[in-house]
file work_34.cif (mmCIF, C-alpha atoms and all ligand atoms)
data_structure
loop_
_atom_site.label_atom_id
_atom_site.label_comp_id
_atom_site.auth_asym_id
_atom_site.auth_seq_id
_atom_site.Cartn_x
_atom_site.Cartn_y
_atom_site.Cartn_z
CA MET A 1 12.67 10.48 39.98
CA LEU A 2 13.08 7.76 37.40
CA SER A 3 9.42 6.84 37.73
CA ARG A 4 8.44 10.47 37.10
CA PHE A 5 10.57 10.37 33.98
CA PHE A 6 8.82 7.22 32.76
CA ALA A 7 5.43 8.70 33.57
CA ARG A 8 6.28 11.64 31.29
CA VAL A 9 7.56 9.44 28.48
CA GLY A 10 4.48 7.27 28.81
CA LEU A 11 2.23 10.30 28.50
CA LEU A 12 3.90 11.13 25.19
CA VAL A 13 4.24 7.64 23.81
CA LEU A 14 0.79 6.24 24.57
CA PRO A 15 -1.14 8.67 22.34
CA VAL A 16 1.35 8.01 19.54
CA ILE A 17 0.85 4.26 19.82
CA ALA A 18 -2.90 4.75 19.99
CA LEU A 19 -2.76 6.84 16.81
CA LEU A 20 -0.59 4.31 15.02
CA THR A 21 -2.79 1.36 15.83
CA ALA A 22 -6.11 3.11 15.21
CA GLY A 23 -7.60 1.48 12.13
CA CYS A 24 -5.93 -1.88 12.72
CA SER A 25 -9.04 -3.85 13.56
CA GLU A 26 -9.85 -6.95 11.52
CA ALA A 27 -12.75 -5.22 9.76
CA ASP A 28 -10.66 -2.17 8.91
CA LEU A 29 -8.14 -4.36 7.13
CA LYS A 30 -10.88 -5.76 4.90
CA VAL A 31 -12.26 -2.52 3.48
CA ARG A 32 -12.93 -2.23 -0.25
CA GLN A 33 -9.50 -1.00 -1.25
CA SER A 34 -7.30 -2.72 1.30
CA THR A 35 -3.91 -4.01 0.18
CA PHE A 36 -3.85 -6.17 3.33
CA ASP A 37 -6.76 -8.29 2.09
CA HIS A 38 -4.98 -9.69 -0.98
CA LYS A 39 -7.05 -11.84 -3.32
CA GLY A 40 -4.52 -12.94 -5.93
CA PRO A 41 -0.88 -13.96 -6.40
CA VAL A 42 0.42 -10.55 -7.49
CA ALA A 43 -1.23 -8.72 -4.61
CA ARG A 44 -0.01 -11.40 -2.19
CA LEU A 45 3.56 -10.99 -3.35
CA GLN A 46 3.35 -7.20 -3.07
CA TYR A 47 1.92 -7.60 0.42
CA GLU A 48 4.78 -9.90 1.41
CA VAL A 49 7.44 -7.48 0.17
CA PHE A 50 5.70 -4.74 2.12
CA MET A 51 5.59 -6.84 5.29
CA ASP A 52 9.29 -7.74 4.92
CA SER A 53 10.13 -4.06 5.04
CA VAL A 54 7.76 -3.54 7.98
CA TYR A 55 9.56 -6.30 9.96
CA LEU A 56 12.94 -4.83 9.10
CA VAL A 57 12.10 -1.29 10.09
CA THR A 58 10.43 -2.53 13.27
CA VAL A 59 13.72 -4.16 14.30
CA LEU A 60 15.67 -1.04 13.28
CA PHE A 61 13.26 1.15 15.21
CA ALA A 62 13.57 -1.00 18.32
CA VAL A 63 17.38 -1.08 18.17
CA VAL A 64 17.94 2.62 17.43
CA GLY A 65 15.09 3.76 19.67
CA GLY A 66 16.28 1.44 22.46
CA LEU A 67 19.80 2.79 22.30
CA LEU A 68 18.46 6.33 22.33
CA VAL A 69 16.27 5.73 25.37
CA TYR A 70 19.15 3.94 27.08
CA ALA A 71 21.50 6.88 26.42
CA VAL A 72 18.93 9.44 27.56
CA ILE A 73 18.46 7.65 30.86
CA ARG A 74 22.01 6.47 31.44
CA PHE A 75 23.67 9.79 30.67
CA ARG A 76 21.03 12.17 32.01
CA ALA A 77 22.16 15.21 33.99
CA ARG A 78 22.67 14.50 37.66
CA PRO A 79 23.28 16.81 40.59
CA GLY A 80 26.99 17.60 40.76
CA ASP A 81 27.52 17.38 36.99
CA GLU A 82 28.38 21.13 36.99
CA ASN A 83 31.87 20.25 38.18
CA LYS A 84 32.64 17.88 35.29
CA PRO A 85 34.46 19.18 32.19
CA ALA A 86 31.99 20.48 29.62
CA ILE A 87 33.64 18.76 26.66
CA VAL A 88 34.39 15.08 26.79
CA GLU A 89 37.76 14.06 25.52
CA ASP A 90 37.85 13.04 21.82
CA GLY A 91 38.48 9.45 20.84
CA HIS A 92 38.69 7.61 17.51
CA GLY A 93 35.62 5.55 18.19
CA ASN A 94 35.26 1.81 18.08
CA PRO A 95 36.40 0.12 14.81
CA LEU A 96 34.51 -3.08 15.59
CA THR A 97 31.22 -1.17 16.08
CA GLU A 98 31.79 0.70 12.83
CA ILE A 99 32.46 -2.43 10.82
CA LEU A 100 29.46 -4.16 12.38
CA LEU A 101 27.23 -1.20 11.50
CA ILE A 102 28.39 -1.25 7.87
CA VAL A 103 27.87 -5.00 7.63
CA ALA A 104 24.43 -4.72 9.27
CA SER A 105 23.39 -1.95 6.84
CA ILE A 106 24.47 -4.01 3.85
CA GLY A 107 22.65 -7.00 5.31
CA ALA A 108 19.46 -4.96 5.70
CA LEU A 109 19.70 -3.76 2.09
CA VAL A 110 20.20 -7.30 0.79
CA PHE A 111 17.32 -8.52 2.97
CA LEU A 112 15.03 -6.03 1.20
CA ALA A 113 16.59 -6.21 -2.26
CA ILE A 114 16.12 -9.96 -2.76
CA PRO A 115 12.30 -10.10 -2.40
CA THR A 116 11.97 -6.75 -4.18
CA LEU A 117 13.91 -7.82 -7.26
CA LYS A 118 12.23 -11.22 -7.31
CA GLY A 119 8.88 -9.43 -7.14
CA ILE A 120 9.75 -7.09 -9.98
CA TRP A 121 10.48 -10.04 -12.27
CA TYR A 122 7.50 -12.02 -11.06
CA THR A 123 5.01 -9.21 -11.71
CA ASP A 124 6.46 -8.28 -15.09
CA ASP A 125 4.77 -10.93 -17.20
CA VAL A 126 2.54 -13.96 -16.70
CA PRO A 127 4.86 -16.71 -15.41
CA GLU A 128 4.83 -19.65 -17.83
CA GLU A 129 4.20 -22.19 -15.10
CA LEU A 130 0.88 -20.48 -14.40
CA VAL A 131 -0.45 -21.37 -17.83
CA PRO A 132 -0.28 -25.17 -18.02
CA ALA A 133 -2.29 -26.94 -20.71
CA ALA A 134 -4.89 -28.01 -18.15
CA ARG A 135 -5.85 -24.41 -17.59
CA LEU A 136 -5.81 -23.25 -21.17
CA SER A 137 -8.73 -20.97 -21.63
CA ALA A 138 -12.03 -22.49 -22.61
CA TRP A 139 -13.20 -19.34 -24.35
CA TYR A 140 -10.24 -19.05 -26.67
CA PRO A 141 -9.50 -21.67 -29.34
CA ARG A 142 -6.40 -23.62 -28.40
CA ALA A 143 -3.36 -22.86 -30.46
CA GLU A 144 -2.35 -26.04 -32.29
CA GLY A 145 1.13 -27.32 -31.70
CA GLY A 146 3.31 -29.61 -29.69
CA VAL A 147 6.01 -29.02 -27.16
CA GLU A 148 8.23 -27.16 -29.65
CA ASN A 149 6.05 -24.11 -29.79
CA TYR A 150 4.61 -24.47 -26.33
CA ALA A 151 5.97 -21.09 -25.28
CA GLU A 152 4.34 -19.48 -28.28
CA ALA A 153 1.10 -21.32 -27.59
CA VAL A 154 1.17 -20.24 -23.96
CA LYS A 155 1.62 -16.66 -25.02
CA ASP A 156 -1.47 -16.94 -27.18
CA GLN A 157 -3.46 -18.69 -24.49
CA VAL A 158 -3.07 -16.01 -21.89
CA LEU A 159 -6.08 -13.74 -21.89
CA GLU A 160 -4.96 -10.24 -22.83
CA VAL A 161 -6.73 -7.04 -21.97
CA ASP A 162 -5.74 -3.63 -23.29
CA VAL A 163 -6.41 -0.92 -20.74
CA VAL A 164 -6.63 2.61 -22.07
CA GLY A 165 -6.61 5.59 -19.72
CA LYS A 166 -8.70 8.61 -20.62
CA GLN A 167 -9.60 11.73 -18.69
CA TRP A 168 -11.47 10.47 -16.58
CA TRP A 169 -12.40 6.89 -17.24
CA PHE A 170 -10.88 3.57 -18.25
CA ARG A 171 -11.56 1.72 -21.49
CA PHE A 172 -11.02 -2.04 -21.59
CA GLU A 173 -10.47 -3.97 -24.81
CA TYR A 174 -10.11 -7.72 -25.44
CA PRO A 175 -8.26 -7.93 -28.77
CA GLN A 176 -8.36 -11.78 -28.89
CA LEU A 177 -12.10 -11.77 -28.40
CA GLY A 178 -12.95 -9.01 -30.85
CA LEU A 179 -14.02 -6.53 -28.18
CA THR A 180 -12.13 -3.41 -29.27
CA ASN A 181 -12.85 0.27 -29.74
CA GLU A 182 -11.75 -0.05 -33.36
CA GLY A 183 -14.35 -2.78 -33.82
CA ARG A 184 -16.83 -0.54 -31.96
CA ARG A 185 -17.26 -2.84 -29.01
CA SER A 186 -15.07 -1.87 -26.08
CA VAL A 187 -15.93 -2.09 -22.41
CA PRO A 188 -15.77 1.07 -20.30
CA ASN A 189 -15.16 1.24 -16.57
CA GLU A 190 -15.91 -2.37 -15.67
CA LEU A 191 -13.24 -4.92 -16.39
CA VAL A 192 -14.60 -8.47 -16.45
CA ILE A 193 -12.14 -11.33 -15.98
CA PRO A 194 -12.44 -15.04 -15.26
CA ARG A 195 -11.57 -16.27 -11.78
CA GLY A 196 -8.28 -18.06 -11.18
CA VAL A 197 -6.86 -17.29 -14.61
CA PRO A 198 -3.85 -15.03 -15.20
CA VAL A 199 -4.63 -12.04 -17.39
CA ARG A 200 -2.00 -10.03 -19.20
CA ILE A 201 -2.77 -6.32 -18.95
CA ASN A 202 -1.40 -3.94 -21.59
CA LEU A 203 -1.52 -0.33 -20.48
CA ARG A 204 -1.52 2.86 -22.48
CA SER A 205 -3.03 6.33 -22.35
CA GLU A 206 -4.77 8.50 -24.90
CA ASP A 207 -4.06 11.72 -23.04
CA VAL A 208 -2.06 12.18 -19.83
CA ILE A 209 -0.44 9.78 -17.37
CA HIS A 210 -2.82 7.59 -15.35
CA SER A 211 -2.18 4.61 -13.12
CA PHE A 212 -3.95 1.26 -12.91
CA TRP A 213 -4.58 -0.03 -9.39
CA ILE A 214 -6.85 -2.72 -7.97
CA PRO A 215 -5.66 -2.80 -4.35
CA LYS A 216 -6.86 -6.34 -3.62
CA VAL A 217 -5.57 -7.82 -6.88
CA ALA A 218 -2.56 -5.86 -8.08
CA GLY A 219 -1.05 -2.48 -8.49
CA LYS A 220 0.19 0.00 -9.52
CA VAL A 221 1.45 0.50 -13.05
CA ASP A 222 1.26 3.76 -14.97
CA LEU A 223 -0.56 4.26 -18.24
CA MET A 224 1.69 6.52 -20.29
CA PRO A 225 1.00 8.44 -23.50
CA GLY A 226 3.27 7.15 -26.29
CA ARG A 227 4.44 4.13 -24.34
CA ARG A 228 3.12 0.66 -23.64
CA ASN A 229 3.46 -0.76 -20.15
CA HIS A 230 2.29 -4.14 -19.07
CA MET A 231 1.61 -6.24 -15.99
CA TRP A 232 -0.50 -9.28 -15.17
CA ILE A 233 -3.23 -9.92 -12.67
CA GLN A 234 -5.10 -12.88 -11.31
CA ALA A 235 -8.01 -12.91 -8.89
CA ASP A 236 -8.61 -16.08 -6.93
CA GLU A 237 -12.08 -15.26 -5.63
CA ALA A 238 -15.09 -14.24 -7.66
CA GLY A 239 -16.65 -10.91 -6.78
CA HIS A 240 -16.90 -7.20 -7.39
CA TYR A 241 -13.55 -5.46 -6.89
CA TYR A 242 -12.79 -1.77 -6.60
CA GLY A 243 -10.10 -0.05 -8.65
CA GLN A 244 -8.81 3.47 -8.89
CA CYS A 245 -6.61 5.72 -11.00
CA ALA A 246 -3.56 6.25 -8.81
CA GLU A 247 -1.76 9.03 -10.66
CA PHE A 248 -3.01 12.60 -10.55
CA CYS A 249 -4.39 13.32 -14.01
CA GLY A 250 -6.40 16.55 -13.79
CA ASP A 251 -9.69 17.98 -12.49
CA SER A 252 -11.64 14.78 -12.03
CA HIS A 253 -8.81 12.44 -11.08
CA ALA A 254 -10.47 11.65 -7.76
CA TYR A 255 -13.59 10.55 -9.68
CA MET A 256 -11.67 8.22 -11.97
CA LEU A 257 -12.54 4.83 -10.56
CA PHE A 258 -13.15 1.47 -12.14
CA ARG A 259 -14.53 -1.92 -11.19
CA VAL A 260 -13.38 -5.45 -11.77
CA GLU A 261 -15.98 -8.21 -11.99
CA VAL A 262 -14.32 -11.53 -11.33
CA VAL A 263 -16.59 -14.30 -12.62
CA GLU A 264 -16.39 -18.07 -13.10
CA PRO A 265 -14.88 -19.00 -16.50
CA ALA A 266 -18.19 -20.34 -17.85
CA GLU A 267 -19.90 -17.10 -16.87
CA PHE A 268 -17.10 -15.19 -18.59
CA THR A 269 -17.81 -17.02 -21.85
CA ARG A 270 -21.48 -16.06 -21.56
CA TRP A 271 -20.54 -12.45 -20.84
CA VAL A 272 -18.32 -12.27 -23.92
CA SER A 273 -21.06 -13.47 -26.26
CA ALA A 274 -23.53 -11.03 -24.66
CA GLN A 275 -21.08 -8.16 -25.21
CA LYS A 276 -20.78 -9.03 -28.88
CA LYS A 277 -24.52 -8.72 -29.49
CA ASP A 278 -25.94 -5.56 -30.98
CA ALA A 279 -28.44 -3.47 -29.07
CA ALA A 280 -32.07 -4.43 -29.55
CA GLU A 281 -34.40 -2.03 -31.32
CA PRO A 282 -36.66 -0.16 -28.88
CA VAL A 283 -40.40 -0.75 -29.27
CA ALA A 284 -41.81 1.66 -31.88
CA GLY A 285 -43.65 4.58 -30.34
CA SER A 286 -42.21 3.98 -26.83
CA ARG A 287 -40.37 6.55 -24.72
CA ALA A 288 -37.19 4.61 -25.42
CA ALA A 289 -37.72 5.01 -29.17
CA GLU A 290 -38.15 8.73 -28.59
CA GLY A 291 -34.88 8.66 -26.62
CA LYS A 292 -33.11 6.94 -29.48
CA ALA A 293 -34.12 9.74 -31.84
CA LEU A 294 -32.91 12.30 -29.29
CA PHE A 295 -29.60 10.46 -29.00
CA ALA A 296 -28.94 11.38 -32.63
CA ALA A 297 -30.51 14.84 -32.46
CA LYS A 298 -28.60 15.94 -29.35
CA THR A 299 -25.17 14.99 -30.75
CA CYS A 300 -24.72 12.07 -28.33
CA ALA A 301 -24.04 9.77 -31.30
CA MET A 302 -21.05 11.93 -32.21
CA CYS A 303 -19.05 10.58 -29.26
CA HIS A 304 -20.78 7.36 -28.23
CA ASN A 305 -21.07 4.05 -30.03
CA VAL A 306 -24.24 2.01 -29.64
CA GLY A 307 -23.74 -1.24 -31.54
CA GLY A 308 -26.43 -1.75 -34.17
CA HIS A 309 -27.80 1.79 -33.70
CA PHE A 310 -25.03 4.37 -33.98
CA GLY A 311 -21.51 3.57 -35.14
CA ALA A 312 -19.75 6.91 -35.56
CA GLY A 313 -18.72 7.70 -31.97
CA ALA A 314 -15.45 6.39 -30.59
CA PHE A 315 -14.41 9.15 -28.19
CA GLY A 316 -16.69 8.49 -25.21
CA PRO A 317 -17.54 5.22 -23.48
CA ASP A 318 -19.22 2.55 -25.62
CA LEU A 319 -22.87 2.50 -24.57
CA THR A 320 -24.00 -0.71 -26.34
CA HIS A 321 -24.41 -2.47 -22.97
CA VAL A 322 -24.41 0.50 -20.61
CA ALA A 323 -27.45 -0.76 -18.66
CA SER A 324 -25.69 -4.04 -17.80
CA ARG A 325 -23.07 -2.27 -15.70
CA LYS A 326 -23.21 -1.61 -11.98
CA SER A 327 -21.69 1.85 -12.28
CA LEU A 328 -21.61 4.89 -14.48
CA ALA A 329 -19.22 7.68 -15.44
CA GLY A 330 -15.86 6.29 -14.44
CA ALA A 331 -17.62 4.15 -11.81
CA TRP A 332 -18.28 7.32 -9.86
CA LEU A 333 -22.05 6.79 -9.82
CA ASP A 334 -23.15 3.48 -8.31
CA ASN A 335 -26.21 1.85 -9.90
CA ARG A 336 -26.95 -0.32 -6.88
CA ASP A 337 -29.31 0.56 -4.07
CA PRO A 338 -27.05 1.57 -1.14
CA ALA A 339 -29.16 -0.26 1.47
CA ALA A 340 -29.33 -3.44 -0.63
CA GLN A 341 -25.57 -3.25 -1.15
CA GLN A 342 -24.95 -2.89 2.59
CA ALA A 343 -27.20 -5.87 3.23
CA ALA A 344 -25.36 -7.95 0.61
CA VAL A 345 -21.99 -7.22 2.24
CA ALA A 346 -23.36 -7.96 5.71
CA ALA A 347 -24.92 -11.23 4.50
CA ALA A 348 -21.52 -12.26 3.13
CA GLY A 349 -19.93 -11.73 6.54
CA GLY A 350 -18.45 -8.34 5.70
CA ASN A 351 -16.98 -9.42 2.37
CA THR A 352 -16.90 -6.19 0.33
CA GLU A 353 -16.68 -8.15 -2.93
CA ALA A 354 -20.28 -9.23 -2.45
CA SER A 355 -22.58 -7.18 -4.61
CA ALA A 356 -26.25 -6.39 -4.89
CA PRO A 357 -27.69 -6.39 -8.43
CA VAL A 358 -28.30 -3.19 -10.36
CA ASP A 359 -31.32 -1.25 -9.12
CA HIS A 360 -33.07 0.13 -12.17
CA ALA A 361 -34.59 3.11 -10.36
CA VAL A 362 -31.17 4.14 -9.04
CA GLN A 363 -29.66 3.52 -12.47
CA LYS A 364 -32.24 5.73 -14.17
CA ALA A 365 -31.74 8.50 -11.63
CA ASN A 366 -27.97 8.27 -12.21
CA LEU A 367 -28.37 8.47 -15.97
CA ILE A 368 -30.51 11.57 -15.67
CA LYS A 369 -28.14 13.10 -13.15
CA TRP A 370 -25.13 12.45 -15.37
CA ILE A 371 -26.58 13.44 -18.74
CA GLY A 372 -28.15 16.53 -17.21
CA SER A 373 -25.08 17.62 -15.28
CA SER A 374 -22.08 19.86 -15.80
CA GLY A 375 -23.69 22.97 -17.06
CA VAL A 376 -26.27 21.31 -19.28
CA LEU A 377 -29.04 23.85 -19.46
CA HIS A 378 -32.39 22.50 -18.48
CA GLY A 379 -35.66 23.83 -19.86
CA ASP A 380 -35.80 26.61 -17.28
CA GLY A 381 -32.32 27.80 -18.25
CA GLU A 382 -30.75 26.72 -14.97
CA ALA A 383 -27.42 24.89 -15.18
CA THR A 384 -26.84 21.94 -12.87
CA ARG A 385 -23.73 21.25 -10.86
CA ASP A 386 -20.92 19.07 -12.16
CA VAL A 387 -21.02 15.40 -11.33
CA LYS A 388 -17.40 15.28 -12.51
CA PRO A 389 -15.71 18.68 -12.81
CA GLY A 390 -14.17 19.36 -16.21
CA ASN A 391 -15.38 16.05 -17.67
CA ARG A 392 -14.87 15.56 -21.41
CA MET A 393 -18.52 15.00 -22.12
CA HIS A 394 -19.83 18.38 -21.11
CA TYR A 395 -16.64 20.37 -21.60
CA TYR A 396 -15.02 19.04 -24.70
CA LYS A 397 -12.71 21.96 -25.34
CA MET A 398 -9.86 19.46 -25.66
CA PHE A 399 -10.88 18.87 -29.29
CA ASN A 400 -9.50 22.33 -29.79
CA VAL A 401 -11.31 22.80 -33.05
CA ALA A 402 -12.29 26.31 -34.03
CA GLY A 403 -15.98 26.87 -33.41
CA LEU A 404 -16.50 24.01 -30.98
CA ASN A 405 -17.70 25.22 -27.63
CA GLU A 406 -18.82 23.51 -24.49
CA THR A 407 -21.93 21.52 -25.26
CA ARG A 408 -24.50 23.54 -23.32
CA THR A 409 -27.13 21.25 -24.73
CA GLN A 410 -30.68 22.20 -23.93
CA LEU A 411 -32.45 19.25 -22.40
CA THR A 412 -35.89 19.36 -20.85
CA ALA A 413 -36.87 16.99 -18.05
CA ALA A 414 -38.97 15.01 -20.56
CA GLU A 415 -36.01 14.71 -22.94
CA LEU A 416 -33.73 13.56 -20.14
CA ASP A 417 -36.30 10.97 -19.16
CA ALA A 418 -36.59 9.68 -22.73
CA LEU A 419 -32.80 9.47 -23.13
CA ALA A 420 -32.54 7.54 -19.85
CA GLU A 421 -35.34 5.18 -20.92
CA TYR A 422 -33.48 4.51 -24.17
CA LEU A 423 -30.17 3.84 -22.39
CA LEU A 424 -31.91 1.50 -19.94
CA THR A 425 -32.82 -0.76 -22.88
CA LEU A 426 -29.11 -1.20 -23.68
CA LYS A 427 -28.56 -4.29 -21.57
CU CU A 501 -6.02 9.73 -12.73
#

call {"tool": "encode", "arguments": {"input": "work_34.cif", "output": "structure tokens"}}
result
Amino acid sequence: MLSRFFARVGLLVLPVIALLTAGCSEADLKVRQSTFDHKGPVARLQYEVFMDSVYLVTVLFAVVGGLLVYAVIRFRARPGDENKPAIVEDGHGNPLTEILLIVASIGALVFLAIPTLKGIWYTDDVPEELVPAARLSAWYPRAEGGVENYAEAVKDQVLEVDVVGKQWWFRFEYPQLGLTNEGRRSVPNELVIPRGVPVRINLRSEDVIHSFWIPKVAGKVDLMPGRRNHMWIQADEAGHYYGQCAEFCGDSHAYMLFRVEVVEPAEFTRWVSAQKKDAAEPVAGSRAAEGKALFAAKTCAMCHNVGGHFGAGAFGPDLTHVASRKSLAGAWLDNRDPAAQQAAVAAAGGNTEASAPVDHAVQKANLIKWIGSSGVLHGDGEATRDVKPGNRMHYYKMFNVAGLNETRTQLTAAELDALAEYLLTLK
């Protein structure tokens, strides 16, 4: 009879265990946005706090579940039980058990509270010991000073990045390096940071609440309107990391991604000077030159900055170096060839941070798809489907100015092609 009982329990429990462990293979733990595959000190600490609680609840589950199973078996109904009194006599209980339970509960809380609180302080700001003189940034002029103002110098030496959340994309600014929206040179969607260096991240929002999350490097802190939050990150391996807005923020929240390029410090210095350059002039008479003229004629310049060409736009992503990025439109459209990308990951032994270079044909197709999307009327009067529903490029009702309607720009296939050719020159 007992074996029949166990057979029944087994029938119930096995599928549950199978369900719970599905997705626990080595490869599954290394997917693009896995918090188990931590690649920096902040993510590692968050992983450890998580695992501490997993160990604790596993013990709790075993103890409570074990007692339950024991009671179910030990006190199951047996033939002849009909003659026993239905209600067992009341007792006070066992004071020792009660005290032990209280002590054990407090112990469990303390066990979790210590790493949690330590983690909260650790992730709040770049720890000073992580910024010794030997690692002072090569790209930023060293603050002069001796030991007295070391703390101040350290503060200055930490690379700072301002992250601004917008519906539905991220804008990155490097105030120490002169890459800001105010200075018409911000970096949309792809955060570039040097490897092995702590970076202080200042977070704010220009509309609703968003949240900044790079599962393999650190997460998650909210970007709030009217408030400045901060955190720090460090990535210990170079590569292409995947980030995501983690707070529901409207129609296209699910399409609000971003990327983090972790590069060697020397490469970072090169990247910074490339970002500061103005866009080159397209060859006179080329399709790109035609596209440049259209960029002004079709109101694109109203929202977008192109350094050296158009300086009025500050609302949309800065396009000065749009063609140098691996993704487009809140990193929703990938500019790499999918097959080449798969091959790159496979060649790196399944490392999802490996990346194929930009494929210019894919990039051009993406540009055309994006610019010609969301109700933009093509020559034949047919509106295309949204790439990102409600996006602020094609539906800019949020300006809320009398007389401003959705863009509904008329763009022929030839015009789209010229615009894309122009944007492709913005390397
Ligand atoms: Cu969001």

call {"tool": "closest_residue", "arguments": {"input": "work_34.cif", "among": "A:Ser186, A:Asn202, A:Asn83, A:Thr123", "to": "A:Arg44", "atoms": "all atoms listed in the file"}}
result
A:Thr123

call {"tool": "closest_residue", "arguments": {"input": "work_34.cif", "among": "A:Gly119, A:Pro225, A:Gly308, A:Gly313", "to": "A:Lys166", "atoms": "all atoms listed in the file"}}
result
A:Pro225

call {"tool": "closest_residue", "arguments": {"input": "work_34.cif", "among": "A:Gln275, A:Thr35, A:Ser327, A:Thr412", "to": "A:Gly307", "atoms": "only C-alpha atoms"}}
result
A:Gln275

call {"tool": "atom_distance", "arguments": {"input": "work_34.cif", "atom1": "atom CA of A:Phe258", "atom2": "atom CA of A:Phe170"}}
result
6.8 Å

call {"tool": "residues_near_ligand", "arguments": {"input": "work_34.cif", "ligand": "ligand CU 501 (chain A)", "cutoff": "6 Å", "atoms": "all atoms listed in the file", "output": "list in words"}}
result
His210, Cys245, Ala246, Glu247, Phe248, Cys249, His253 and Met256 of chain A

call {"tool": "write_last_selection", "arguments": {"input": "work_34.cif", "atoms": "C-alpha atoms", "output": "mmCIF file, in the coordinates of the input"}}
result
data_model
loop_
_atom_site.group_PDB
_atom_site.id
_atom_site.type_symbol
_atom_site.label_atom_id
_atom_site.label_comp_id
_atom_site.auth_asym_id
_atom_site.auth_seq_id
_atom_site.Cartn_x
_atom_site.Cartn_y
_atom_site.Cartn_z
ATOM 1 C CA HIS A 210 -2.820 7.590 -15.350
ATOM 2 C CA CYS A 245 -6.610 5.720 -11.000
ATOM 3 C CA ALA A 246 -3.560 6.250 -8.810
ATOM 4 C CA GLU A 247 -1.760 9.030 -10.660
ATOM 5 C CA PHE A 248 -3.010 12.600 -10.550
ATOM 6 C CA CYS A 249 -4.390 13.320 -14.010
ATOM 7 C CA HIS A 253 -8.810 12.440 -11.080
ATOM 8 C CA MET A 256 -11.670 8.220 -11.970
#

call {"tool": "closest_residue", "arguments": {"input": "work_34.cif", "among": "A:Leu333, A:Ile102, A:Leu67, A:Ala43", "to": "A:Trp213", "atoms": "only C-alpha atoms"}}
result
A:Ala43

call {"tool": "residues_around", "arguments": {"input": "work_34.cif", "residues": "A:Glu48", "least_positions_apart": "2", "cutoff": "12 Å", "atoms": "all atoms listed in the file", "output": "list in words"}}
result
Thr35, Phe36, Asp37, His38, Pro41, Val42, Ala43, Arg44, Leu45, Gln46, Phe50, Met51, Asp52, Ser53, Val54, Tyr55, Leu112, Pro115, Thr116, Lys118 and Gly119 of chain A

call {"tool": "closest_residue", "arguments": {"input": "work_34.cif", "among": "A:Pro194, A:Gly390, A:Gly219, A:Gly226", "to": "A:Glu267", "atoms": "all atoms listed in the file"}}
result
A:Pro194

call {"tool": "residues_around", "arguments": {"input": "work_34.cif", "residues": "stretch 288-293 of chain A", "least_positions_apart": "6", "cutoff": "8 Å", "atoms": "only C-alpha atoms", "output": "PyMOL selection string"}}
result
chain A and resi 282+415+417-423+425

call {"tool": "atom_distance", "arguments": {"input": "work_34.cif", "atom1": "atom CA of A:Asp318", "atom2": "atom CA of A:His304"}}
result
5.7 Å

call {"tool": "atom_distance", "arguments": {"input": "work_34.cif", "atom1": "atom CA of A:Gly330", "atom2": "atom CA of A:Asn391"}}
result
10.3 Å

call {"tool": "closest_residue", "arguments": {"input": "work_34.cif", "among": "A:Ala77, A:Pro95, A:Met231, A:Gly165", "to": "A:Ile120", "atoms": "all atoms listed in the file"}}
result
A:Met231

call {"tool": "residues_around", "arguments": {"input": "work_34.cif", "residues": "A:Ala331", "least_positions_apart": "2", "cutoff": "9 Å", "atoms": "all atoms listed in the file", "output": "list in words"}}
result
Trp169, Asn189, Glu190, Tyr255, Met256, Leu257, Phe258, Arg259, Lys326, Ser327, Leu328, Ala329, Leu333 and Asp334 of chain A

call {"tool": "residues_near_point", "arguments": {"input": "work_34.cif", "point": "(7.8, 6.8, -22.3)", "cutoff": "12 Å", "atoms": "only C-alpha atoms", "output": "number ranges by chain"}}
result
A: 203-205, 208-209, 222-229

call {"tool": "residues_around", "arguments": {"input": "work_34.cif", "residues": "A:Ala27", "least_positions_apart": "5", "cutoff": "12 Å", "atoms": "only C-alpha atoms", "output": "list in words"}}
result
Ala22, Arg32, Ser34, Phe36, Asp37, Ala346, Gly349, Gly350, Asn351 and Thr352 of chain A
